[in-house]
Structure formats: C-alpha cells, structure tokens
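For reference, work09.cif is printed below; it contains mmCIF, C-alpha atoms.
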```cif
data_entry
#
loop_
_atom_site.label_atom_id
_atom_site.label_comp_id
_atom_site.auth_asym_id
_atom_site.auth_seq_id
_atom_site.Cartn_x
_atom_site.Cartn_y
_atom_site.Cartn_z
CA MET A 7 -0.83 -3.34 -6.28
CA LYS A 8 -0.63 -7.04 -7.01
CA LYS A 9 -3.83 -9.08 -7.01
CA ILE A 10 -4.12 -12.26 -4.97
CA LEU A 11 -5.66 -15.10 -6.94
CA LEU A 12 -7.17 -18.39 -5.80
CA ASP A 13 -7.74 -20.78 -8.68
CA GLU A 14 -7.38 -17.85 -11.10
CA LYS A 15 -10.06 -15.73 -9.33
CA GLU A 16 -9.21 -12.65 -7.29
CA ILE A 17 -9.76 -12.93 -3.54
CA GLY A 18 -9.49 -10.34 -0.83
CA LEU A 19 -8.65 -10.38 2.82
CA ASP A 20 -12.30 -10.99 3.64
CA GLY A 21 -12.01 -14.41 2.04
CA MET A 22 -9.32 -15.48 4.50
CA ASP A 23 -9.66 -16.55 8.10
CA PHE A 24 -7.10 -15.41 10.67
CA PRO A 25 -4.58 -16.32 11.82
CA ILE A 26 -2.78 -17.09 8.57
CA LEU A 27 0.39 -19.15 8.09
CA ILE A 28 2.50 -18.68 4.96
CA HIS A 29 5.39 -21.09 4.43
CA GLY A 30 8.03 -20.94 1.76
CA SER A 31 11.77 -21.11 1.39
CA ASP A 32 13.95 -18.37 -0.04
CA GLY A 33 13.00 -17.63 -3.65
CA SER A 34 9.62 -19.41 -3.50
CA GLY A 35 7.49 -16.28 -3.73
CA ALA A 36 6.26 -16.43 -0.12
CA SER A 37 7.84 -13.07 0.74
CA LEU A 38 6.26 -11.18 -2.14
CA TYR A 39 2.94 -12.90 -1.45
CA THR A 40 3.10 -11.80 2.22
CA ILE A 41 3.83 -8.19 1.29
CA SER A 42 1.04 -8.26 -1.32
CA LEU A 43 -1.35 -9.56 1.34
CA ALA A 44 -0.29 -6.67 3.59
CA ALA A 45 -0.89 -4.23 0.73
CA ALA A 46 -4.36 -5.70 0.19
CA ALA A 47 -5.13 -5.37 3.91
CA HIS A 48 -3.96 -1.76 3.83
CA ALA A 49 -6.14 -1.06 0.78
CA GLU A 50 -9.11 -2.44 2.72
CA GLY A 51 -8.50 0.11 5.49
CA GLU A 52 -6.70 -2.11 8.00
CA ASN A 53 -4.04 -0.84 10.40
CA LEU A 54 -0.88 -2.91 10.06
CA LEU A 55 1.92 -3.76 12.43
CA PHE A 56 4.67 -5.44 10.43
CA LEU A 57 7.88 -7.11 11.67
CA CYS A 58 10.35 -8.35 9.09
CA GLY A 59 13.94 -9.37 8.91
CA PHE A 60 15.04 -6.80 6.36
CA PRO A 61 14.04 -3.31 5.12
CA MET A 62 13.30 -4.55 1.58
CA ALA A 63 9.82 -5.58 2.73
CA GLU A 64 8.82 -2.00 3.41
CA LYS A 65 10.32 -0.87 0.10
CA GLU A 66 8.18 -3.42 -1.79
CA PHE A 67 5.15 -2.36 0.25
CA ASP A 68 5.88 1.28 -0.75
CA THR A 69 6.01 0.19 -4.39
CA GLN A 70 2.60 -1.45 -4.12
CA VAL A 71 0.70 1.15 -2.03
CA GLY A 72 2.72 4.35 -2.31
CA ALA A 73 5.26 5.91 0.02
CA SER A 74 2.67 7.40 2.37
CA HIS A 75 1.08 4.76 4.58
CA PRO A 76 0.34 6.15 8.06
CA ARG A 77 -1.75 3.07 9.00
CA ALA A 78 1.21 0.72 8.41
CA HIS A 79 4.06 0.53 10.88
CA PHE A 80 7.14 -1.44 9.83
CA PHE A 81 9.87 -2.74 12.12
CA THR A 82 12.96 -4.74 11.23
CA LYS A 83 14.73 -7.22 13.50
CA GLU A 84 16.98 -4.37 14.69
CA HIS A 85 13.89 -2.68 16.16
CA LEU A 86 12.41 -5.77 17.78
CA GLU A 87 11.89 -4.12 21.19
CA GLU A 88 9.88 -1.28 19.61
CA PHE A 89 7.74 -3.85 17.80
CA LYS A 90 7.14 -5.74 21.07
CA ALA A 91 6.05 -2.53 22.81
CA ARG A 92 3.58 -1.78 20.00
CA LEU A 93 2.39 -5.39 20.03
CA GLU A 94 1.52 -5.21 23.73
CA SER A 95 -0.37 -1.94 23.35
CA THR A 96 -2.62 -2.84 20.43
CA GLU A 97 -5.41 -5.22 19.59
CA GLN A 98 -6.96 -3.77 16.44
CA ASN A 99 -4.06 -4.19 14.02
CA VAL A 100 -3.39 -6.94 11.57
CA LEU A 101 0.01 -8.28 12.63
CA PHE A 102 2.52 -9.49 10.09
CA VAL A 103 5.70 -11.34 10.95
CA LYS A 104 7.77 -11.98 7.84
CA ASN A 105 11.00 -13.98 8.00
CA ALA A 106 9.68 -15.90 11.02
CA GLU A 107 12.79 -18.10 10.95
CA LEU A 108 14.80 -15.12 12.24
CA PHE A 109 12.81 -14.74 15.46
CA ASP A 110 12.68 -16.74 18.68
CA GLU A 111 9.86 -18.89 19.96
CA ASP A 112 8.76 -16.36 22.60
CA LEU A 113 8.07 -13.70 19.99
CA ILE A 114 6.29 -16.12 17.65
CA ASN A 115 4.18 -17.38 20.57
CA SER A 116 3.07 -13.84 21.44
CA VAL A 117 2.07 -13.20 17.81
CA VAL A 118 0.27 -16.55 17.34
CA ARG A 119 -2.06 -15.64 20.21
CA HIS A 120 -3.18 -12.50 18.40
CA GLN A 121 -6.50 -13.03 16.61
CA ARG A 122 -5.46 -11.24 13.41
CA ALA A 123 -1.95 -12.47 12.71
CA VAL A 124 -0.07 -13.47 9.58
CA ILE A 125 3.12 -15.43 10.14
CA SER A 126 5.33 -15.97 7.13
CA GLY A 127 8.71 -17.49 6.46
CA ASP A 128 10.63 -20.70 6.05
CA ILE A 129 8.85 -22.51 8.88
CA GLU A 130 11.08 -25.57 8.40
CA ARG A 131 14.00 -23.42 9.62
CA CYS A 132 12.06 -21.61 12.35
CA ALA A 133 12.93 -22.05 16.04
CA ALA A 134 9.18 -22.11 16.70
CA LYS A 135 8.44 -24.78 14.09
CA ALA A 136 6.83 -27.19 16.56
CA LEU A 137 4.68 -24.40 18.00
CA LEU A 138 3.56 -23.29 14.53
CA LEU A 139 2.79 -26.81 13.36
CA ALA A 140 0.66 -27.40 16.48
CA ALA A 141 -1.15 -24.04 16.28
CA GLN A 142 -4.54 -23.66 14.62
CA PHE A 143 -4.23 -21.64 11.42
CA PRO A 144 -7.57 -21.57 9.60
CA THR A 145 -5.75 -20.30 6.50
CA ARG A 146 -2.51 -21.98 5.40
CA ILE A 147 -0.60 -20.98 2.30
CA LEU A 148 2.20 -23.40 1.46
CA PHE A 149 4.76 -22.72 -1.24
CA SER A 150 6.38 -26.07 -0.42
CA LYS A 151 5.90 -29.09 1.82
CA LEU A 152 5.67 -28.26 5.53
CA GLY A 153 6.21 -30.97 8.11
CA THR A 154 4.04 -33.91 7.10
CA GLU A 155 1.71 -31.77 4.95
CA ASP A 156 2.11 -32.58 1.29
CA VAL A 157 1.30 -30.08 -1.39
CA PRO A 158 0.45 -30.72 -5.02
CA GLU A 159 3.06 -30.04 -7.68
CA LEU A 160 3.50 -26.28 -7.84
CA GLN A 161 4.92 -23.87 -10.38
CA LYS A 162 7.34 -21.19 -9.20
CA TYR A 163 5.52 -18.44 -7.24
CA GLN A 164 2.47 -20.65 -6.76
CA ALA A 165 1.23 -22.02 -3.42
CA PHE A 166 -1.33 -24.44 -2.09
CA TYR A 167 -4.09 -22.60 -0.21
CA THR A 168 -6.35 -24.14 2.41
CA GLY A 169 -8.87 -22.12 4.34
CA SER A 170 -12.40 -20.76 4.52
CA GLY A 171 -13.73 -24.09 3.33
CA ARG A 172 -11.69 -23.79 0.12
CA ASN A 173 -8.59 -25.46 -1.20
CA GLY A 174 -6.76 -24.47 -4.32
CA LEU A 175 -3.77 -22.91 -5.97
CA THR A 176 -2.93 -19.32 -5.15
CA SER A 177 -0.63 -16.87 -6.87
CA LEU A 178 -0.23 -13.19 -7.62
CA ALA A 179 -1.19 -11.27 -10.75
#
```

Could you quickly redo this structure as structure tokens?
Amino acid sequence: MKKILLDEKEIGLDGMDFPILIHGSDGSGASLYTISLAAAAHAEGENLLFLCGFPMAEKEFDTQVGASHPRAHFFTKEHLEEFKARLESTEQNVLFVKNAELFDEDLINSVVRHQRAVISGDIERCAAKALLLAAQFPTRILFSKLGTEDVPELQKYQAFYTGSGRNGLTSLA
C-alpha cells in the first residue's frame, strides 16, 4: 500500500477533515492519490462506497489492499443507479467519487452533502464545478490550479494540501 505524505511525513486519514476535494487533470497523479487514500481508509477499518468512471480504479485498489475487500464496494458509471441506491441507504461509509467530471450536478450534490465524502477529478471540466467551488471542503488537495486558487510550483505527482490547520506539499511514497 502506498503511503500518503505531507511535507515528507506520513499522514493518515485521521489527519484529514471531511469532506475532501481532490483536483487534478489527467496524468497529474490525482487518480492514484485518490485510490491510495481509499486504501488507507480501508486499512483503518472504514467501510467504503466508491463510484468511479472506469474499472481500473478497483484494480489499483486490489493491488494496494489485496483482492478480498468486503468492506469496499466499487461501482462504475455503468452501475450508477446501484450506487445511488446504496448511497441513499447508508450513512456510515466513506464515499468516494473519482472522475467527478463524468457525473452530473445532481449526483455530485447528493455526495457533497454526505459528511464523509471524497470527491476527486478534473473539477475544471466538471458539470458541478460551481457547486464544488462554493462548497466547504475542509481538506483540499490540488494537483493544479483550481478556479482562482493558485498553487505553488509542483513536481509531477505532487499536490498542494490545505486542511486541518496545515498547508503543505503532499505526495505518495
């Protein structure tokens, strides 16, 4: 399993405040970071409900945590209705929406209201961009500039982290 670092020191899920917004374009590292965050949550005993655009997310998750993960339920965009049904019937899960740019504003709005949500994707291309920029995300992880928020110069696979009273550079190890 990959470690999540903040300014070169390992952090866990307990160091992050929900909901969490992760922004990055294709190839930035945001996708792998999101899956690694899900793997860390799983390792800490959390139940996961995960919606993503493509099945590769679950394959990477399997690589990090092993093929058996009964506390993690993955849905792709083809199974959106099943995800919505699970979303309405649960409160205790950590929700992950990866590839947010592939989903409509109604879905994103229902996830944003959940207390323990992680929304990840290219927010600049997301139909719910205005909603996400206006929402309160105590933890924001930006692999590139988002809206009017500037980020410091970043290396590939590095992001600017703000949250829990801390700011810094985050990456995976």

Taking the file as I've supplied it (selection: the PyMOL selection byres ((chain A and resi 32) around 12)), which residues are included? Please answer as a PyMOL selection string. chain A and resi 29-31+33-38+104-105+107+126-131+149-150+162-163

Radius query 10 Å about (-3.7, -16.0, 19.4), atoms used: only C-alpha atoms, as a ChimeraX atom specification: /A:24-25,115-123,141-143

Output the residue selection produced by the PyMOL selection byres ((chain A and resi 134) around 9) on the file above, formatted as a list in words.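 Going through the file, the PyMOL selection byres ((chain A and resi 134) around 9) ends up selecting Ala106, Glu107, Phe109, Asp110, Glu111, Asp112, Ile114, Asn115, Ile129, Arg131, Cys132, Ala133, Lys135, Ala136, Leu137, Leu138 and Leu139 of chain A.
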
Can you tell me how far atom CA of Leu101 of chain A sits from atom CA of Leu55 of chain A, in Å to one decimal? 4.9 Å

Please evaluate the PyMOL selection byres ((chain A and resi 51) around 12) against the displayed coordinates and give the resulting residues as an mmCIF file with C-alpha atoms, in the coordinates of the input.
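Generated file (selection04.cif):
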```
data_model
loop_
_atom_site.group_PDB
_atom_site.id
_atom_site.type_symbol
_atom_site.label_atom_id
_atom_site.label_comp_id
_atom_site.auth_asym_id
_atom_site.auth_seq_id
_atom_site.Cartn_x
_atom_site.Cartn_y
_atom_site.Cartn_z
ATOM 1 C CA LEU A 19 -8.650 -10.380 2.820
ATOM 2 C CA ASP A 20 -12.300 -10.990 3.640
ATOM 3 C CA ALA A 44 -0.290 -6.670 3.590
ATOM 4 C CA ALA A 45 -0.890 -4.230 0.730
ATOM 5 C CA ALA A 46 -4.360 -5.700 0.190
ATOM 6 C CA ALA A 47 -5.130 -5.370 3.910
ATOM 7 C CA HIS A 48 -3.960 -1.760 3.830
ATOM 8 C CA ALA A 49 -6.140 -1.060 0.780
ATOM 9 C CA GLU A 50 -9.110 -2.440 2.720
ATOM 10 C CA GLU A 52 -6.700 -2.110 8.000
ATOM 11 C CA ASN A 53 -4.040 -0.840 10.400
ATOM 12 C CA LEU A 54 -0.880 -2.910 10.060
ATOM 13 C CA VAL A 71 0.700 1.150 -2.030
ATOM 14 C CA HIS A 75 1.080 4.760 4.580
ATOM 15 C CA PRO A 76 0.340 6.150 8.060
ATOM 16 C CA ARG A 77 -1.750 3.070 9.000
ATOM 17 C CA ALA A 78 1.210 0.720 8.410
ATOM 18 C CA GLN A 98 -6.960 -3.770 16.440
ATOM 19 C CA ASN A 99 -4.060 -4.190 14.020
ATOM 20 C CA VAL A 100 -3.390 -6.940 11.570
#
```

Between atom CA of Thr69 of chain A and atom CA of Met22 of chain A, what is the distance in Å, rounded to a tenth?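 These two atoms are separated by 23.7 Å.
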
Tell me, in Å to one decimal, how far atom CA of Gly169 of chain A is from atom CA of Lys15 of chain A.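 These atoms are spaced 15.1 Å apart.
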
Counting all atoms listed in the file, which residues come within 9 Å of (7.6, -7.8, 10.3), with the point read in the file's coordinates, and could you list them as a ChimeraX atom specification? /A:55-60,63,80-83,89,101-106,125

Report as JSON the centre and the edge lengths, in Å to one decimal, of the axis-aligned box holding every listed atom of segment 136-155 of chain A, padded by 4 Å on each side.
```
{"center_x": -0.4, "center_y": -27.1, "center_z": 8.4, "size_x": 22.4, "size_y": 21.6, "size_z": 27.2}
```

From the list A:Gly18, A:Lys65, A:Asp23, A:Ile28, the nearest residue to Lys151 of chain A using only C-alpha atoms is A:Ile28

Rank A:Ser177, A:Ile26, A:Leu113, A:Tyr39 by their smallest atom-to-atom distance to Ala91 of chain A, using all atoms listed in the file, and report the top residue only.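 That would be A:Leu113, the residue with the smallest distance to Ala91 of chain A.
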
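Counting only C-alpha atoms, segment 165-168 of chain A has the following residues at most 7 Å away, ignoring those fewer than 3 positions along the same chain: A:Thr145, A:Arg146, A:Ile147, A:Leu148, A:Phe149, A:Val157, A:Leu160, A:Arg172, A:Asn173, A:Gly174, A:Leu175, A:Thr176, A:Ser177.
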
I need the chosen residues saved as a PDB file, in the coordinates of the input, with C-alpha atoms.
```
ATOM      1  CA  THR A 145      -5.750 -20.300   6.500  1.00  0.00           C
ATOM      2  CA  ARG A 146      -2.510 -21.980   5.400  1.00  0.00           C
ATOM      3  CA  ILE A 147      -0.600 -20.980   2.300  1.00  0.00           C
ATOM      4  CA  LEU A 148       2.200 -23.400   1.460  1.00  0.00           C
ATOM      5  CA  PHE A 149       4.760 -22.720  -1.240  1.00  0.00           C
ATOM      6  CA  VAL A 157       1.300 -30.080  -1.390  1.00  0.00           C
ATOM      7  CA  LEU A 160       3.500 -26.280  -7.840  1.00  0.00           C
ATOM      8  CA  ARG A 172     -11.690 -23.790   0.120  1.00  0.00           C
ATOM      9  CA  ASN A 173      -8.590 -25.460  -1.200  1.00  0.00           C
ATOM     10  CA  GLY A 174      -6.760 -24.470  -4.320  1.00  0.00           C
ATOM     11  CA  LEU A 175      -3.770 -22.910  -5.970  1.00  0.00           C
ATOM     12  CA  THR A 176      -2.930 -19.320  -5.150  1.00  0.00           C
ATOM     13  CA  SER A 177      -0.630 -16.870  -6.870  1.00  0.00           C
TER      14      SER A 177
END
```

Output of segment 44-163 of chain A limited to C-alpha atoms, as a PDB file, in the first residue's frame:
```pdb
ATOM      1  CA  ALA A  44      -9.241   4.836  -0.221  1.00  0.00           C
ATOM      2  CA  ALA A  45      -6.736   2.057   0.517  1.00  0.00           C
ATOM      3  CA  ALA A  46      -5.595   3.921   3.643  1.00  0.00           C
ATOM      4  CA  ALA A  47      -9.214   4.340   4.772  1.00  0.00           C
ATOM      5  CA  HIS A  48      -9.815   0.635   4.211  1.00  0.00           C
ATOM      6  CA  ALA A  49      -6.685  -0.241   6.206  1.00  0.00           C
ATOM      7  CA  GLU A  50      -8.044   1.878   9.065  1.00  0.00           C
ATOM      8  CA  GLY A  51     -11.224  -0.232   9.120  1.00  0.00           C
ATOM      9  CA  GLU A  52     -13.550   2.089   7.205  1.00  0.00           C
ATOM     10  CA  ASN A  53     -16.397   0.861   5.010  1.00  0.00           C
ATOM     11  CA  LEU A  54     -16.097   2.350   1.532  1.00  0.00           C
ATOM     12  CA  LEU A  55     -18.615   3.168  -1.152  1.00  0.00           C
ATOM     13  CA  PHE A  56     -16.700   4.056  -4.309  1.00  0.00           C
ATOM     14  CA  LEU A  57     -18.012   5.412  -7.624  1.00  0.00           C
ATOM     15  CA  CYS A  58     -15.574   5.817 -10.483  1.00  0.00           C
ATOM     16  CA  GLY A  59     -15.635   6.251 -14.193  1.00  0.00           C
ATOM     17  CA  PHE A  60     -13.654   3.155 -15.069  1.00  0.00           C
ATOM     18  CA  PRO A  61     -12.861  -0.311 -13.615  1.00  0.00           C
ATOM     19  CA  MET A  62      -9.110   0.409 -13.403  1.00  0.00           C
ATOM     20  CA  ALA A  63      -9.687   2.127 -10.057  1.00  0.00           C
ATOM     21  CA  GLU A  64     -10.799  -1.096  -8.418  1.00  0.00           C
ATOM     22  CA  LYS A  65      -7.890  -2.979  -9.996  1.00  0.00           C
ATOM     23  CA  GLU A  66      -5.402  -0.497  -8.478  1.00  0.00           C
ATOM     24  CA  PHE A  67      -7.229  -0.744  -5.144  1.00  0.00           C
ATOM     25  CA  ASP A  68      -6.890  -4.561  -5.351  1.00  0.00           C
ATOM     26  CA  THR A  69      -3.164  -4.142  -5.975  1.00  0.00           C
ATOM     27  CA  GLN A  70      -2.794  -1.991  -2.865  1.00  0.00           C
ATOM     28  CA  VAL A  71      -5.030  -3.884  -0.392  1.00  0.00           C
ATOM     29  CA  GLY A  72      -5.472  -7.347  -1.880  1.00  0.00           C
ATOM     30  CA  ALA A  73      -8.281  -8.857  -3.912  1.00  0.00           C
ATOM     31  CA  SER A  74     -10.526  -9.521  -0.920  1.00  0.00           C
ATOM     32  CA  HIS A  75     -12.121  -6.345   0.394  1.00  0.00           C
ATOM     33  CA  PRO A  76     -15.667  -6.999   1.652  1.00  0.00           C
ATOM     34  CA  ARG A  77     -15.878  -3.528   3.276  1.00  0.00           C
ATOM     35  CA  ALA A  78     -15.276  -1.777  -0.062  1.00  0.00           C
ATOM     36  CA  HIS A  79     -17.990  -1.595  -2.687  1.00  0.00           C
ATOM     37  CA  PHE A  80     -17.000  -0.307  -6.128  1.00  0.00           C
ATOM     38  CA  PHE A  81     -19.348   0.937  -8.828  1.00  0.00           C
ATOM     39  CA  THR A  82     -18.517   2.280 -12.265  1.00  0.00           C
ATOM     40  CA  LYS A  83     -20.559   4.817 -14.224  1.00  0.00           C
ATOM     41  CA  GLU A  84     -22.416   1.904 -15.862  1.00  0.00           C
ATOM     42  CA  HIS A  85     -23.778   0.966 -12.418  1.00  0.00           C
ATOM     43  CA  LEU A  86     -24.732   4.469 -11.335  1.00  0.00           C
ATOM     44  CA  GLU A  87     -28.270   3.521 -10.251  1.00  0.00           C
ATOM     45  CA  GLU A  88     -26.934   0.786  -7.951  1.00  0.00           C
ATOM     46  CA  PHE A  89     -24.520   3.299  -6.424  1.00  0.00           C
ATOM     47  CA  LYS A  90     -27.370   5.785  -5.863  1.00  0.00           C
ATOM     48  CA  ALA A  91     -29.449   3.110  -4.120  1.00  0.00           C
ATOM     49  CA  ARG A  92     -26.531   2.268  -1.809  1.00  0.00           C
ATOM     50  CA  LEU A  93     -25.879   5.974  -1.233  1.00  0.00           C
ATOM     51  CA  GLU A  94     -29.441   6.546  -0.028  1.00  0.00           C
ATOM     52  CA  SER A  95     -29.352   3.575   2.341  1.00  0.00           C
ATOM     53  CA  THR A  96     -26.102   4.298   4.145  1.00  0.00           C
ATOM     54  CA  GLU A  97     -24.596   6.887   6.422  1.00  0.00           C
ATOM     55  CA  GLN A  98     -21.554   5.172   7.918  1.00  0.00           C
ATOM     56  CA  ASN A  99     -19.441   4.738   4.786  1.00  0.00           C
ATOM     57  CA  VAL A 100     -16.686   6.907   3.468  1.00  0.00           C
ATOM     58  CA  LEU A 101     -17.900   7.889  -0.002  1.00  0.00           C
ATOM     59  CA  PHE A 102     -15.500   8.262  -2.893  1.00  0.00           C
ATOM     60  CA  VAL A 103     -16.420   9.738  -6.246  1.00  0.00           C
ATOM     61  CA  LYS A 104     -13.500   9.531  -8.648  1.00  0.00           C
ATOM     62  CA  ASN A 105     -13.708  11.025 -12.144  1.00  0.00           C
ATOM     63  CA  ALA A 106     -16.234  13.607 -10.902  1.00  0.00           C
ATOM     64  CA  GLU A 107     -16.169  15.272 -14.326  1.00  0.00           C
ATOM     65  CA  LEU A 108     -18.117  12.284 -15.695  1.00  0.00           C
ATOM     66  CA  PHE A 109     -21.116  12.756 -13.404  1.00  0.00           C
ATOM     67  CA  ASP A 110     -23.962  15.269 -13.324  1.00  0.00           C
ATOM     68  CA  GLU A 111     -24.567  18.003 -10.796  1.00  0.00           C
ATOM     69  CA  ASP A 112     -27.428  16.144  -9.075  1.00  0.00           C
ATOM     70  CA  LEU A 113     -25.191  13.217  -8.184  1.00  0.00           C
ATOM     71  CA  ILE A 114     -22.329  15.442  -7.032  1.00  0.00           C
ATOM     72  CA  ASN A 115     -24.764  17.482  -4.913  1.00  0.00           C
ATOM     73  CA  SER A 116     -26.039  14.339  -3.163  1.00  0.00           C
ATOM     74  CA  VAL A 117     -22.465  13.249  -2.392  1.00  0.00           C
ATOM     75  CA  VAL A 118     -21.288  16.698  -1.218  1.00  0.00           C
ATOM     76  CA  ARG A 119     -23.984  16.649   1.474  1.00  0.00           C
ATOM     77  CA  HIS A 120     -22.559  13.449   2.931  1.00  0.00           C
ATOM     78  CA  GLN A 121     -20.350  14.153   5.958  1.00  0.00           C
ATOM     79  CA  ARG A 122     -17.601  11.716   4.949  1.00  0.00           C
ATOM     80  CA  ALA A 123     -17.117  12.270   1.239  1.00  0.00           C
ATOM     81  CA  VAL A 124     -14.101  12.443  -1.044  1.00  0.00           C
ATOM     82  CA  ILE A 125     -14.705  13.974  -4.453  1.00  0.00           C
ATOM     83  CA  SER A 126     -11.910  13.658  -6.970  1.00  0.00           C
ATOM     84  CA  GLY A 127     -11.403  14.524 -10.604  1.00  0.00           C
ATOM     85  CA  ASP A 128     -10.718  17.299 -13.048  1.00  0.00           C
ATOM     86  CA  ILE A 129     -13.018  19.804 -11.359  1.00  0.00           C
ATOM     87  CA  GLU A 130     -12.330  22.374 -14.092  1.00  0.00           C
ATOM     88  CA  ARG A 131     -14.184  20.053 -16.504  1.00  0.00           C
ATOM     89  CA  CYS A 132     -16.925  19.042 -14.065  1.00  0.00           C
ATOM     90  CA  ALA A 133     -20.582  19.966 -14.669  1.00  0.00           C
ATOM     91  CA  ALA A 134     -20.801  20.686 -10.936  1.00  0.00           C
ATOM     92  CA  LYS A 135     -17.741  22.956 -10.880  1.00  0.00           C
ATOM     93  CA  ALA A 136     -19.618  25.967  -9.481  1.00  0.00           C
ATOM     94  CA  LEU A 137     -21.216  23.807  -6.783  1.00  0.00           C
ATOM     95  CA  LEU A 138     -17.862  22.309  -5.803  1.00  0.00           C
ATOM     96  CA  LEU A 139     -16.081  25.656  -5.722  1.00  0.00           C
ATOM     97  CA  ALA A 140     -18.816  27.068  -3.464  1.00  0.00           C
ATOM     98  CA  ALA A 141     -18.939  24.029  -1.140  1.00  0.00           C
ATOM     99  CA  GLN A 142     -16.989  23.883   2.104  1.00  0.00           C
ATOM    100  CA  PHE A 143     -14.191  21.332   1.853  1.00  0.00           C
ATOM    101  CA  PRO A 144     -12.035  21.445   4.993  1.00  0.00           C
ATOM    102  CA  THR A 145      -9.391  19.412   3.145  1.00  0.00           C
ATOM    103  CA  ARG A 146      -8.417  20.385  -0.402  1.00  0.00           C
ATOM    104  CA  ILE A 147      -5.736  18.601  -2.384  1.00  0.00           C
ATOM    105  CA  LEU A 148      -4.855  20.403  -5.609  1.00  0.00           C
ATOM    106  CA  PHE A 149      -2.595  18.900  -8.244  1.00  0.00           C
ATOM    107  CA  SER A 150      -3.073  22.063 -10.319  1.00  0.00           C
ATOM    108  CA  LYS A 151      -4.755  25.457 -10.150  1.00  0.00           C
ATOM    109  CA  LEU A 152      -8.491  25.315  -9.471  1.00  0.00           C
ATOM    110  CA  GLY A 153     -10.676  28.310 -10.225  1.00  0.00           C
ATOM    111  CA  THR A 154      -8.988  31.321  -8.664  1.00  0.00           C
ATOM    112  CA  GLU A 155      -6.940  29.223  -6.207  1.00  0.00           C
ATOM    113  CA  ASP A 156      -3.273  29.335  -7.047  1.00  0.00           C
ATOM    114  CA  VAL A 157      -0.938  26.560  -6.070  1.00  0.00           C
ATOM    115  CA  PRO A 158       2.827  26.702  -5.654  1.00  0.00           C
ATOM    116  CA  GLU A 159       5.042  25.198  -8.330  1.00  0.00           C
ATOM    117  CA  LEU A 160       4.573  21.438  -8.156  1.00  0.00           C
ATOM    118  CA  GLN A 161       6.530  18.455  -9.379  1.00  0.00           C
ATOM    119  CA  LYS A 162       4.699  15.680 -11.214  1.00  0.00           C
ATOM    120  CA  TYR A 163       2.549  13.608  -8.805  1.00  0.00           C
TER     121      TYR A 163
END
```
